[in-house]
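**Q** Input final_10.txt, format and content: compact mmCIF, C-alpha atoms and all ligand atoms.
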# COMPACT_ATOMS: atom_id res chain seq x y z
CA MET A 1 -72.53 -30.04 -236.08
CA SER A 2 -75.56 -28.50 -234.35
CA ASP A 3 -77.33 -25.72 -236.14
CA SER A 4 -79.42 -24.02 -233.46
CA ALA A 5 -80.42 -20.50 -234.40
CA GLY A 6 -78.88 -17.45 -232.89
CA LYS A 7 -75.46 -17.88 -231.39
CA GLU A 8 -72.12 -17.13 -233.01
CA ARG A 9 -70.90 -20.46 -234.34
CA THR A 10 -67.37 -21.71 -234.17
CA PRO A 11 -65.90 -25.03 -235.21
CA SER A 12 -65.75 -27.42 -232.30
CA SER A 13 -62.43 -27.93 -230.60
CA ALA A 14 -60.98 -31.41 -230.83
CA GLY A 15 -57.81 -33.31 -230.12
CA LEU A 16 -54.99 -33.33 -232.62
CA ASP A 17 -54.69 -36.55 -234.51
CA ALA A 18 -51.33 -36.59 -236.28
CA PRO A 19 -48.08 -38.58 -236.10
CA PRO A 20 -45.67 -36.95 -233.59
CA SER A 21 -43.25 -35.80 -236.29
CA GLU A 22 -46.04 -34.04 -238.23
CA LEU A 23 -47.77 -32.10 -235.46
CA LEU A 24 -46.58 -28.64 -236.55
CA ALA A 25 -47.11 -29.49 -240.23
CA THR A 26 -50.67 -30.59 -239.48
CA VAL A 27 -51.48 -27.44 -237.49
CA MET A 28 -49.97 -25.24 -240.22
CA GLN A 29 -51.95 -27.03 -242.91
CA GLU A 30 -55.19 -26.45 -240.98
CA ALA A 31 -54.32 -22.81 -240.27
CA VAL A 32 -53.62 -22.07 -243.94
CA THR A 33 -56.72 -23.95 -245.13
CA GLU A 34 -58.94 -22.07 -242.68
CA GLY A 35 -57.42 -18.68 -243.50
CA ALA A 36 -55.99 -18.08 -240.01
CA THR A 37 -53.73 -15.06 -239.53
CA ASP A 38 -52.38 -16.24 -236.17
CA VAL A 39 -51.83 -19.51 -234.36
CA HIS A 40 -51.49 -19.57 -230.57
CA VAL A 41 -50.23 -22.61 -228.66
CA ASP A 42 -50.41 -22.46 -224.85
CA THR A 43 -49.60 -25.00 -222.17
CA TRP A 44 -51.13 -24.88 -218.69
CA GLY A 45 -49.76 -27.69 -216.54
CA ASP A 46 -50.77 -30.97 -218.16
CA VAL A 47 -53.12 -29.51 -220.73
CA ALA A 48 -52.70 -27.28 -223.72
CA MET A 49 -54.66 -25.44 -226.30
CA VAL A 50 -54.15 -24.56 -229.95
CA ARG A 51 -56.14 -21.52 -231.03
CA PHE A 52 -56.53 -19.87 -234.43
CA ARG A 53 -57.37 -16.26 -235.15
CA VAL A 54 -59.56 -16.22 -238.26
CA ASP A 55 -60.89 -12.93 -239.65
CA GLY A 56 -60.03 -11.19 -236.38
CA MET A 57 -61.78 -13.69 -234.07
CA LEU A 58 -59.98 -16.18 -231.80
CA HIS A 59 -61.24 -19.78 -231.82
CA GLU A 60 -60.08 -22.78 -229.80
CA ARG A 61 -59.12 -25.41 -232.38
CA HIS A 62 -57.44 -28.20 -230.41
CA HIS A 63 -57.49 -29.21 -226.79
CA LEU A 64 -54.53 -31.52 -226.25
CA PRO A 65 -52.05 -32.94 -223.75
CA ALA A 66 -49.23 -30.50 -222.88
CA ALA A 67 -46.61 -32.99 -224.08
CA GLN A 68 -48.04 -32.79 -227.59
CA ALA A 69 -48.05 -28.96 -227.48
CA ARG A 70 -44.42 -28.92 -226.28
CA ARG A 71 -43.54 -31.05 -229.26
CA ILE A 72 -45.21 -28.51 -231.56
CA ILE A 73 -43.30 -25.68 -229.89
CA ASN A 74 -40.03 -27.57 -230.30
CA GLN A 75 -40.81 -28.14 -233.96
CA VAL A 76 -41.26 -24.35 -234.25
CA ARG A 77 -37.83 -23.90 -232.65
CA VAL A 78 -36.26 -26.23 -235.19
CA ALA A 79 -38.07 -24.64 -238.16
CA ALA A 80 -37.12 -21.10 -237.09
CA GLU A 81 -33.54 -22.21 -236.27
CA LEU A 82 -33.88 -21.17 -232.63
CA ASP A 83 -31.76 -22.65 -229.85
CA VAL A 84 -33.59 -25.85 -228.90
CA GLU A 85 -31.71 -26.10 -225.60
CA ALA A 86 -32.62 -22.60 -224.39
CA THR A 87 -36.23 -23.31 -223.46
CA ILE A 88 -36.22 -20.90 -220.53
CA LYS A 89 -35.57 -17.86 -222.69
CA PRO A 90 -38.03 -15.95 -224.88
CA ALA A 91 -37.15 -16.38 -228.56
CA GLU A 92 -38.16 -14.82 -231.84
CA GLY A 93 -37.58 -16.09 -235.34
CA GLN A 94 -39.03 -16.64 -238.76
CA PHE A 95 -39.56 -19.63 -240.99
CA ARG A 96 -41.14 -20.52 -244.29
CA TRP A 97 -43.88 -23.13 -244.60
CA SER A 98 -44.57 -24.73 -247.97
CA LYS A 99 -46.90 -27.39 -249.18
CA GLY A 100 -47.56 -27.91 -252.87
CA GLU A 101 -48.12 -24.51 -254.45
CA VAL A 102 -48.68 -22.72 -251.15
CA THR A 103 -45.84 -20.93 -249.38
CA ARG A 104 -46.22 -18.77 -246.28
CA ASP A 105 -43.73 -16.84 -244.19
CA ILE A 106 -44.28 -17.24 -240.47
CA ARG A 107 -43.03 -15.00 -237.67
CA ALA A 108 -42.67 -17.02 -234.46
CA THR A 109 -42.44 -15.82 -230.85
CA ILE A 110 -41.93 -18.28 -228.00
CA LEU A 111 -42.50 -17.22 -224.39
CA PRO A 112 -41.74 -19.20 -221.26
CA THR A 113 -44.75 -18.43 -219.02
CA ALA A 114 -45.07 -18.91 -215.25
CA PRO A 115 -44.82 -21.27 -213.50
CA ARG A 116 -43.26 -23.70 -216.01
CA ASN A 117 -45.41 -23.38 -219.08
CA GLU A 118 -44.75 -22.28 -222.62
CA ALA A 119 -46.66 -20.21 -225.13
CA THR A 120 -45.98 -19.59 -228.76
CA HIS A 121 -47.48 -17.19 -231.26
CA LEU A 122 -47.17 -17.76 -234.99
CA ARG A 123 -48.09 -14.87 -237.27
CA LEU A 124 -48.84 -15.96 -240.82
CA LEU A 125 -47.59 -13.02 -242.84
CA THR A 126 -49.76 -11.84 -245.69
CA THR A 127 -48.53 -12.70 -249.13
CA PRO A 128 -47.83 -9.68 -251.35
CA GLN A 129 -50.60 -10.39 -253.87
CA ASP A 130 -53.11 -10.08 -251.01
CA TRP A 131 -52.32 -6.43 -250.36
CA ARG A 132 -50.73 -4.91 -253.45
CA ASP A 133 -54.03 -4.81 -255.25
CA ALA A 134 -56.13 -1.96 -253.86
CA GLU A 135 -59.26 -3.60 -255.26
CA HIS A 136 -58.92 -6.42 -252.74
CA LEU A 137 -59.36 -3.93 -249.92
CA GLY A 138 -63.05 -3.48 -250.69
CA LEU A 139 -62.73 0.04 -252.15
CA LEU A 140 -65.28 1.00 -254.79
CA ALA A 141 -63.89 2.05 -258.17
CA ASP A 142 -64.81 5.74 -257.71
CA GLU A 143 -63.31 5.75 -254.20
CA ARG A 144 -60.11 4.30 -255.57
CA GLN A 145 -59.98 6.94 -258.30
CA ALA A 146 -60.60 9.79 -255.82
CA ILE A 147 -57.82 8.51 -253.57
CA GLN A 148 -55.48 8.17 -256.52
CA ASN A 149 -56.16 11.79 -257.49
CA VAL A 150 -55.15 12.98 -254.02
CA LEU A 151 -52.03 10.81 -254.08
CA ASN A 152 -51.01 12.30 -257.41
CA GLU A 153 -50.94 15.79 -255.90
CA THR A 154 -47.41 16.76 -255.09
CA HIS A 155 -47.83 17.45 -251.41
CA GLY A 156 -50.13 17.06 -248.45
CA LEU A 157 -50.87 14.79 -245.51
CA ALA A 158 -53.02 11.66 -245.96
CA LEU A 159 -54.00 9.84 -242.75
CA ILE A 160 -55.27 6.29 -242.52
CA ALA A 161 -57.19 5.83 -239.27
CA GLY A 162 -58.85 2.95 -237.48
CA PRO A 163 -58.81 0.91 -234.30
CA THR A 164 -56.21 -1.83 -233.70
CA GLY A 165 -56.63 -4.70 -236.16
CA SER A 166 -58.66 -2.67 -238.66
CA GLY A 167 -56.25 -3.22 -241.53
CA LYS A 168 -54.69 0.29 -241.56
CA THR A 169 -51.22 -0.96 -242.44
CA THR A 170 -52.53 -3.07 -245.31
CA THR A 171 -54.28 0.00 -246.72
CA LEU A 172 -51.16 2.11 -246.23
CA TYR A 173 -49.13 -0.40 -248.22
CA ALA A 174 -51.81 -0.78 -250.89
CA LEU A 175 -51.96 3.00 -251.38
CA THR A 176 -48.28 3.02 -252.31
CA GLY A 177 -49.32 0.79 -255.21
CA LEU A 178 -51.51 3.67 -256.50
CA GLU A 179 -48.59 6.10 -256.61
CA ASP A 180 -45.98 6.63 -259.25
CA LEU A 181 -42.95 5.82 -257.13
CA VAL A 182 -40.57 5.37 -260.06
CA HIS A 183 -40.42 9.11 -260.57
CA ARG A 184 -40.48 10.02 -256.86
CA VAL A 185 -38.10 9.28 -254.00
CA ALA A 186 -40.17 7.40 -251.42
CA VAL A 187 -39.00 6.65 -247.88
CA SER A 188 -40.69 4.97 -244.95
CA ILE A 189 -40.16 4.52 -241.23
CA GLU A 190 -41.86 1.51 -239.71
CA GLU A 191 -41.74 -0.71 -236.67
CA PRO A 192 -41.42 -3.31 -238.03
CA ALA A 193 -41.46 -3.28 -241.84
CA GLU A 194 -43.92 -6.10 -242.59
CA PHE A 195 -43.17 -6.45 -246.30
CA ASN A 196 -40.72 -5.16 -248.82
CA LEU A 197 -42.32 -2.29 -250.70
CA PRO A 198 -41.13 -1.84 -254.29
CA HIS A 199 -39.39 1.52 -254.88
CA VAL A 200 -39.50 2.52 -251.19
CA ARG A 201 -36.46 2.99 -248.97
CA GLN A 202 -37.71 1.35 -245.80
CA LEU A 203 -36.17 2.15 -242.45
CA GLU A 204 -37.02 0.12 -239.36
CA VAL A 205 -37.15 1.62 -235.89
CA ASN A 206 -34.44 -0.20 -233.96
CA PRO A 207 -33.18 1.59 -230.84
CA LYS A 208 -30.39 -1.01 -230.45
CA ARG A 209 -28.94 0.22 -233.74
CA GLY A 210 -29.52 3.85 -232.85
CA ILE A 211 -32.62 4.26 -234.99
CA THR A 212 -35.39 5.71 -232.88
CA MET A 213 -38.52 7.11 -234.55
CA GLN A 214 -37.06 10.60 -234.03
CA GLU A 215 -33.63 9.83 -235.45
CA GLY A 216 -35.13 7.85 -238.33
CA LEU A 217 -37.36 10.75 -239.37
CA ARG A 218 -34.38 13.13 -239.18
CA LEU A 219 -32.33 10.86 -241.46
CA LEU A 220 -35.16 10.34 -243.92
CA LEU A 221 -35.84 14.05 -244.35
CA ARG A 222 -32.18 14.53 -245.32
CA VAL A 223 -32.31 12.17 -248.30
CA ASP A 224 -34.48 14.39 -250.50
CA PRO A 225 -37.77 12.49 -250.25
CA ASP A 226 -40.88 13.29 -252.30
CA VAL A 227 -42.99 10.76 -250.44
CA LEU A 228 -42.68 10.10 -246.69
CA ILE A 229 -44.48 7.08 -245.21
CA VAL A 230 -44.85 6.94 -241.43
CA GLY A 231 -45.85 3.46 -240.21
CA GLU A 232 -47.76 4.89 -237.27
CA ILE A 233 -48.04 8.33 -235.72
CA ARG A 234 -48.09 7.71 -232.01
CA ASP A 235 -46.28 10.62 -230.40
CA PRO A 236 -46.07 14.42 -230.72
CA HIS A 237 -42.73 14.30 -232.55
CA SER A 238 -43.82 12.03 -235.39
CA ALA A 239 -47.11 13.94 -235.64
CA SER A 240 -45.37 17.27 -235.98
CA VAL A 241 -42.73 16.00 -238.46
CA ALA A 242 -45.46 14.45 -240.63
CA ALA A 243 -47.49 17.67 -240.70
CA GLN A 244 -44.48 19.94 -241.29
CA ALA A 245 -43.14 17.73 -244.09
CA ALA A 246 -46.54 17.89 -245.80
CA LEU A 247 -46.52 21.68 -245.53
CA THR A 248 -43.05 21.90 -247.04
CA GLY A 249 -43.89 20.13 -250.26
CA ARG A 250 -43.86 16.42 -249.42
CA GLN A 251 -46.53 13.82 -249.89
CA VAL A 252 -46.97 12.21 -246.46
CA LEU A 253 -48.84 8.95 -245.82
CA ALA A 254 -49.32 7.83 -242.23
CA THR A 255 -51.55 5.67 -240.06
CA ILE A 256 -52.98 6.88 -236.76
CA HIS A 257 -55.24 5.34 -234.12
CA GLY A 258 -58.78 6.74 -234.19
CA ARG A 259 -62.30 5.40 -234.61
CA ASP A 260 -63.26 7.77 -237.43
CA ALA A 261 -61.92 10.68 -239.49
CA ALA A 262 -62.92 13.31 -236.91
CA ALA A 263 -61.18 11.34 -234.15
CA ALA A 264 -58.03 11.03 -236.29
CA ILE A 265 -57.92 14.78 -236.94
CA HIS A 266 -58.44 15.39 -233.25
CA ALA A 267 -55.67 12.90 -232.41
CA MET A 268 -53.20 14.97 -234.45
CA HIS A 269 -54.22 18.02 -232.46
CA TYR A 270 -53.89 16.01 -229.23
CA PHE A 271 -50.29 15.29 -230.36
CA ALA A 272 -49.76 19.06 -230.22
CA VAL A 273 -49.99 19.84 -233.93
CA PRO A 274 -51.67 23.26 -234.05
CA TYR A 275 -54.93 23.45 -236.01
CA TYR A 276 -53.54 26.09 -238.38
CA ILE A 277 -50.75 23.68 -239.40
CA LEU A 278 -53.22 20.78 -239.74
CA GLY A 279 -55.59 22.93 -241.78
CA GLY A 280 -52.80 23.64 -244.26
CA ALA A 281 -51.36 20.12 -244.37
CA LEU A 282 -54.32 17.70 -244.41
CA ARG A 283 -55.61 16.51 -247.79
CA MET A 284 -57.34 13.23 -246.93
CA VAL A 285 -58.37 11.02 -244.04
CA ILE A 286 -59.38 7.42 -244.66
CA ALA A 287 -60.97 5.84 -241.58
CA GLN A 288 -61.64 2.15 -241.82
CA ASN A 289 -62.62 -1.11 -240.26
CA LEU A 290 -62.89 -4.69 -241.47
CA VAL A 291 -66.15 -6.63 -241.50
CA ARG A 292 -66.30 -10.38 -241.92
CA ARG A 293 -67.95 -11.62 -245.11
CA LEU A 294 -70.80 -14.08 -244.68
CA CYS A 295 -70.22 -17.54 -246.10
CA ARG A 296 -72.37 -17.63 -249.24
CA ALA A 297 -72.91 -21.34 -248.95
CA CYS A 298 -74.72 -21.27 -245.60
CA ALA A 299 -75.91 -17.70 -244.77
CA GLN A 300 -79.62 -17.69 -243.88
CA PRO A 301 -82.02 -14.90 -244.85
CA ARG A 302 -84.51 -13.50 -242.38
CA ALA A 303 -86.98 -10.61 -242.39
CA VAL A 304 -85.87 -7.22 -241.07
CA SER A 305 -87.60 -5.95 -237.91
CA ALA A 306 -89.20 -2.52 -237.78
CA ALA A 307 -86.50 -1.23 -235.41
CA GLU A 308 -83.76 -2.50 -237.68
CA SER A 309 -85.46 -0.87 -240.63
CA ARG A 310 -85.40 2.45 -238.77
CA LEU A 311 -81.70 1.96 -238.05
CA PHE A 312 -80.97 1.61 -241.77
CA GLY A 313 -83.13 4.64 -242.50
CA GLN A 314 -81.42 6.84 -239.92
CA ALA A 315 -78.04 5.86 -241.29
CA GLY A 316 -79.22 6.93 -244.75
CA VAL A 317 -79.31 3.41 -246.16
CA ASN A 318 -82.37 2.02 -247.97
CA PRO A 319 -83.75 -0.64 -245.59
CA PRO A 320 -83.57 -4.09 -247.22
CA GLU A 321 -86.45 -6.57 -246.87
CA LYS A 322 -84.12 -9.31 -245.74
CA VAL A 323 -80.81 -9.53 -243.97
CA PHE A 324 -78.59 -12.59 -243.66
CA GLU A 325 -77.39 -14.43 -240.56
CA ALA A 326 -74.23 -16.49 -240.18
CA ARG A 327 -74.74 -20.24 -240.00
CA SER A 328 -72.20 -23.00 -240.31
CA CYS A 329 -71.08 -25.40 -243.02
CA SER A 330 -68.08 -27.27 -244.32
CA SER A 331 -67.15 -24.68 -246.93
CA CYS A 332 -66.54 -22.04 -244.21
CA ASN A 333 -65.00 -24.64 -241.87
CA GLY A 334 -67.88 -23.96 -239.49
CA TYR A 335 -67.03 -20.27 -238.96
CA GLY A 336 -70.07 -18.88 -240.81
CA TYR A 337 -67.88 -16.22 -242.40
CA ARG A 338 -65.14 -16.33 -245.03
CA GLY A 339 -62.65 -13.49 -245.28
CA ARG A 340 -63.13 -9.82 -244.51
CA THR A 341 -63.77 -6.69 -246.49
CA GLY A 342 -62.92 -3.09 -245.70
CA VAL A 343 -65.48 -0.41 -244.91
CA PHE A 344 -64.13 3.09 -245.43
CA GLU A 345 -64.98 6.65 -244.48
CA ILE A 346 -63.13 8.66 -247.10
CA ALA A 347 -62.78 12.34 -246.29
CA LEU A 348 -61.21 14.38 -249.09
CA LEU A 349 -60.42 17.77 -247.63
CA ASP A 350 -60.30 20.97 -249.64
CA ASP A 351 -58.86 24.41 -248.87
CA GLU A 352 -62.19 25.61 -247.53
CA PHE A 353 -62.20 22.83 -244.93
CA GLY A 354 -58.55 23.62 -244.13
CA LEU A 355 -59.32 27.28 -243.47
CA TRP A 356 -62.29 26.33 -241.27
CA LEU A 357 -60.19 23.78 -239.34
CA ALA A 358 -57.36 26.29 -238.89
CA ASP A 359 -59.56 28.28 -236.48
CA GLY A 360 -59.60 25.28 -234.11
CA GLN A 361 -62.68 23.05 -233.89
CA PRO A 362 -63.97 20.59 -231.28
CA GLN A 363 -64.19 16.96 -232.39
CA PRO A 364 -68.03 16.78 -232.56
CA GLU A 365 -68.04 19.86 -234.83
CA ILE A 366 -65.49 18.23 -237.14
CA ARG A 367 -67.67 15.09 -237.28
CA LYS A 368 -70.76 17.19 -238.00
CA ARG A 369 -69.05 19.11 -240.79
CA LEU A 370 -67.73 15.95 -242.45
CA GLY A 371 -71.30 14.57 -242.36
CA ALA A 372 -72.62 17.81 -243.89
CA MET A 373 -70.03 17.44 -246.67
CA GLY A 374 -71.79 14.18 -247.59
CA ILE A 375 -69.02 11.91 -246.34
CA LYS A 376 -70.42 8.55 -245.29
CA SER A 377 -69.18 6.99 -242.06
CA ALA A 378 -67.61 3.52 -242.07
CA ALA A 379 -70.62 2.32 -240.01
CA THR A 380 -72.95 3.49 -242.79
CA ARG A 381 -70.76 1.74 -245.36
CA ALA A 382 -70.98 -1.40 -243.23
CA LEU A 383 -74.81 -1.18 -243.12
CA GLU A 384 -74.78 -0.89 -246.93
CA LYS A 385 -72.88 -4.18 -246.97
CA VAL A 386 -75.54 -5.71 -244.69
CA ALA A 387 -78.24 -4.52 -247.10
CA ALA A 388 -76.28 -6.07 -249.97
CA GLY A 389 -76.15 -9.38 -248.08
CA GLU A 390 -72.35 -9.33 -247.74
CA THR A 391 -72.24 -9.28 -243.94
CA SER A 392 -74.57 -9.57 -240.95
CA LEU A 393 -76.11 -6.98 -238.63
CA ARG A 394 -74.55 -8.85 -235.74
CA GLU A 395 -71.08 -8.35 -237.25
CA VAL A 396 -71.69 -4.62 -237.80
CA ALA A 397 -73.02 -4.20 -234.27
CA ARG A 398 -69.92 -5.95 -232.90
CA LEU A 399 -67.62 -3.43 -234.59
CA PHE A 400 -69.66 -0.24 -234.52
CA TRP A 401 -71.72 -0.57 -231.35
CA SER A 402 -70.76 2.86 -229.98
CA THR A 403 -71.42 4.55 -233.33
CA LEU A 404 -74.76 2.82 -233.82
CA ALA A 405 -75.76 3.63 -230.24
CA ASP A 406 -75.54 7.29 -231.31
CA VAL A 407 -78.42 6.60 -233.67
CA ARG A 408 -80.44 5.46 -230.65
CA VAL A 409 -82.26 2.60 -232.28
CA PRO A 410 -82.72 -0.65 -230.38
CA LEU A 411 -81.02 -3.22 -232.56
CA SER A 412 -82.32 -6.76 -232.32
CA LEU A 413 -79.26 -8.83 -231.67
CA ASP A 414 -80.64 -12.20 -230.83
CA GLY A 415 -80.46 -12.85 -234.56
CA SER A 416 -83.17 -15.48 -234.37
CA ALA A 417 -84.86 -16.12 -237.66
CA PRO A 418 -88.66 -15.68 -237.51
CA ALA A 419 -89.13 -19.37 -238.28
CA GLY A 420 -86.80 -20.43 -235.46
CA GLY A 421 -88.61 -18.29 -232.85
ZN ZN B 1 -70.67 -21.78 -244.51
Represent the supplied structure as structure tokens.

**A**
Amino acid sequence: MSDSAGKERTPSSAGLDAPPSELLATVMQEAVTEGATDVHVDTWGDVAMVRFRVDGMLHERHHLPAAQARRIINQVRVAAELDVEATIKPAEGQFRWSKGEVTRDIRATILPTAPRNEATHLRLLTTPQDWRDAEHLGLLADERQAIQNVLNETHGLALIAGPTGSGKTTTLYALTGLEDLVHRVAVSIEEPAEFNLPHVRQLEVNPKRGITMQEGLRLLLRVDPDVLIVGEIRDPHSASVAAQAALTGRQVLATIHGRDAAAAIHAMHYFAVPYYILGGALRMVIAQNLVRRLCRACAQPRAVSAAESRLFGQAGVNPPEKVFEARSCSSCNGYGYRGRTGVFEIALLDDEFGLWLADGQPQPEIRKRLGAMGIKSAATRALEKVAAGETSLREVARLFWSTLADVRVPLSLDGSAPAGG
């Protein structure tokens, strides 16, 4: 494998060398070994592609004849007990893959695509031990304790914010592990419920069965809940129910789309929740993203440029002498990174903040005030992880480009080590 400096490295795509009856098994084995969360198989005429999503990034893994890909898709149909004759219809199902000690549940979707191709998506569902332990999220011990204190209060709204794919739902589920749910009635509305949560009555949005988000929330509030979990706030109704429930003595946990805590608070207002209600209801906003962890076996150190040093300084992080770049080796399967870790902006909001917010505040003012309260942004947390050698500047720039651009420091992104030119 070439090791030229600079570019993002990915394992090279190759054909798939396996006996016909073991094509799916071989792909699954590779996906599990490489830590993929998703497998995509697409056919285009005579050719096909198998791609893996690993740590949020999509990589082509196999380039193969379409006939071989169709065989894989048919093996998915058999495994998920789908109708093998009905190849012109979209189909959804689930199956379990096991080998030795390892067992994974897979959600499969098969789509007939125009003109006469097929595509399938396999989602490798996370195993419970991956998410139940809040420590695995990347929270520091004092952060975890502070969050737990808020969750032990009897009422209030806690929002978990982030862009798509930032791990919000995982955090939402992990937070339930920090609560005493044996002595509280906990209910959730989700679409879909990804895992079974111990001690939580989980309701799935399913319009075919008459359970819309609105109807589900109405039902849940009638069963005497102490804790209400809303999978995602994405409309004015769920926003207003979540805020009102928090004001009337419930603990409410919900995720919402937003790049940081200020954006999440503003999103609630955008969903027509008045600021005086929000000011009274909000107790905590956790805004997060996931950064890929550098492979320890092959990461390469390099000196920090003056501009990069200034970037660290302006973000309030002690500039390190060296940062690390992703390379490529067999222990990371050529990806240069292994696994991801969360970076969190944790805004604990007191009554004083609530009263200030109740007057109505523009988003930049909210952001400014949170900064003045000493709350570190997720981008700053990510730069701390660069300084600690856990991730690369390139990875942080990929996720936080717009935030870092605010700092107005030219960030050297060619990533070339001084020795390599
Ligand atoms: Zn490596």

**Q** Just want the residues within 7 Å of ligand ZN 1 (chain B), written as a list in words, counting only C-alpha atoms and all ligand atoms.

**A**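 The residues near ligand ZN 1 (chain B) are Cys295, Arg296, Ala297, Cys298, Ala299, Arg327, Ser328, Cys329, Ser330, Ser331, Cys332, Asn333, Gly334, Tyr335, Gly336 and Tyr337 of chain A.
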
**Q** Which residues of region 72-145 of chain A come within 9 Å of region 34-49 of chain A, and what is each one's closest atom pair and distance in Å (one decimal), counting all atoms listed in the file, sorted by chain and residue number, as JSON lines?

**A**
{"residue": "A:Ile72", "atom": "CA", "partner": "A:Val41", "partner_atom": "CA", "distance": 8.3}
{"residue": "A:Ile73", "atom": "CA", "partner": "A:Val41", "partner_atom": "CA", "distance": 7.7}
{"residue": "A:Thr113", "atom": "CA", "partner": "A:Thr43", "partner_atom": "CA", "distance": 8.8}
{"residue": "A:Pro115", "atom": "CA", "partner": "A:Gly45", "partner_atom": "CA", "distance": 8.7}
{"residue": "A:Arg116", "atom": "CA", "partner": "A:Gly45", "partner_atom": "CA", "distance": 7.6}
{"residue": "A:Asn117", "atom": "CA", "partner": "A:Thr43", "partner_atom": "CA", "distance": 5.5}
{"residue": "A:Glu118", "atom": "CA", "partner": "A:Thr43", "partner_atom": "CA", "distance": 5.6}
{"residue": "A:Ala119", "atom": "CA", "partner": "A:Asp42", "partner_atom": "CA", "distance": 4.4}
{"residue": "A:Thr120", "atom": "CA", "partner": "A:Val41", "partner_atom": "CA", "distance": 5.2}
{"residue": "A:His121", "atom": "CA", "partner": "A:His40", "partner_atom": "CA", "distance": 4.7}
{"residue": "A:Leu122", "atom": "CA", "partner": "A:Val39", "partner_atom": "CA", "distance": 5.0}
{"residue": "A:Arg123", "atom": "CA", "partner": "A:Asp38", "partner_atom": "CA", "distance": 4.6}
{"residue": "A:Leu124", "atom": "CA", "partner": "A:Thr37", "partner_atom": "CA", "distance": 5.1}
{"residue": "A:Leu125", "atom": "CA", "partner": "A:Thr37", "partner_atom": "CA", "distance": 7.3}
{"residue": "A:Thr126", "atom": "CA", "partner": "A:Thr37", "partner_atom": "CA", "distance": 8.0}

**Q** Please identify all polymer residues within 9 Å of Ala272 (chain A), counting all atoms listed in the file, omitting same-chain residues fewer than 5 positions from it, and present them as a ChimeraX atom specification.

**A** /A:236-237,239-240,267

**Q** With C-alpha atoms retained, could you export that selection as an mmCIF file, in the coordinates of the input?

**A**
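part28.cif was written with the following content:
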data_model
loop_
_atom_site.group_PDB
_atom_site.id
_atom_site.type_symbol
_atom_site.label_atom_id
_atom_site.label_comp_id
_atom_site.auth_asym_id
_atom_site.auth_seq_id
_atom_site.Cartn_x
_atom_site.Cartn_y
_atom_site.Cartn_z
ATOM 1 C CA PRO A 236 -46.070 14.420 -230.720
ATOM 2 C CA HIS A 237 -42.730 14.300 -232.550
ATOM 3 C CA ALA A 239 -47.110 13.940 -235.640
ATOM 4 C CA SER A 240 -45.370 17.270 -235.980
ATOM 5 C CA ALA A 267 -55.670 12.900 -232.410
#

**Q** Could you tell me which of A:Met373, A:Ala86, A:Val386, A:Val102 comes closest to Thr33 (chain A) if we count all atoms listed in the file?

**A**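 Between A:Met373, A:Ala86, A:Val386, A:Val102, the residue approaching Thr33 (chain A) most closely is A:Val102.
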
**Q** Would you list the contacts of region 201-213 of chain A as a ChimeraX atom specification, taking every protein, DNA or RNA residue within 10 Å and counting only C-alpha atoms, but skipping same-chain residues closer than 6 positions in sequence?

**A** /A:185-195,219-220,225,228-235,237-238

**Q** What's the 8 Å shell around region 16-23 of chain A, counting all atoms listed in the file, without same-chain residues fewer than 2 positions away, as a list in words?

**A**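 Near neighbours after the sequence-gap exclusion: Ala14, Ala25, Thr26, Val27, His62, His63, Leu64, Gln68, Arg71 and Ile72 of chain A.
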
**Q** How many Å separate CA of Ala243 (chain A) from CA of Ala281 (chain A)?

**A**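 Straight-line distance from CA of Ala243 (chain A) to CA of Ala281 (chain A) works out to 5.9 Å.
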
**Q** Work out how far apart CA of Asp55 (chain A) and CA of Arg338 (chain A) are and give it in Å to one decimal.

**A**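 Atom-to-atom, CA of Asp55 (chain A) and CA of Arg338 (chain A) are spaced 7.7 Å apart.
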
**Q** Using all atoms listed in the file, pick whichever of A:Leu58, A:Leu24, A:Leu217, A:Ala245 has the shortest atom-to-atom distance to Gly280 (chain A).

**A**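 Among the listed residues, A:Ala245 lies closest to Gly280 (chain A).
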
**Q** Find the residues around region 389-392 of chain A up to 7 Å (only C-alpha atoms counted), leave out those fewer than 3 positions away in its own chain, and share them as JSON, numbers by chain.

**A** {"A": [292, 293, 294, 323, 324, 325, 326, 385, 386, 395, 396]}

**Q** Counting all atoms listed in the file, which residue out of A:Lys322, A:Lys368, A:Arg61, A:Arg96 sits closest to Val76 (chain A)?

**A**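 Among A:Lys322, A:Lys368, A:Arg61, A:Arg96, it is A:Arg96 that comes nearest to Val76 (chain A).
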
**Q** Which residues are close to Thr176 (chain A), i.e. within 12 Å by only C-alpha atoms, leaving aside same-chain residues fewer than 6 positions away? Reply as JSON, numbers by chain.

**A** {"A": [131, 132, 133, 134, 147, 148, 151, 152, 158, 169, 170, 182, 184, 186, 187, 188, 196, 197, 198, 199, 200, 227, 228, 229, 251, 252, 253, 254]}

**Q** Can you measure CA of Leu282 (chain A) to CA of Ala246 (chain A) for me? One decimal in Å is fine.

**A** 7.9 Å
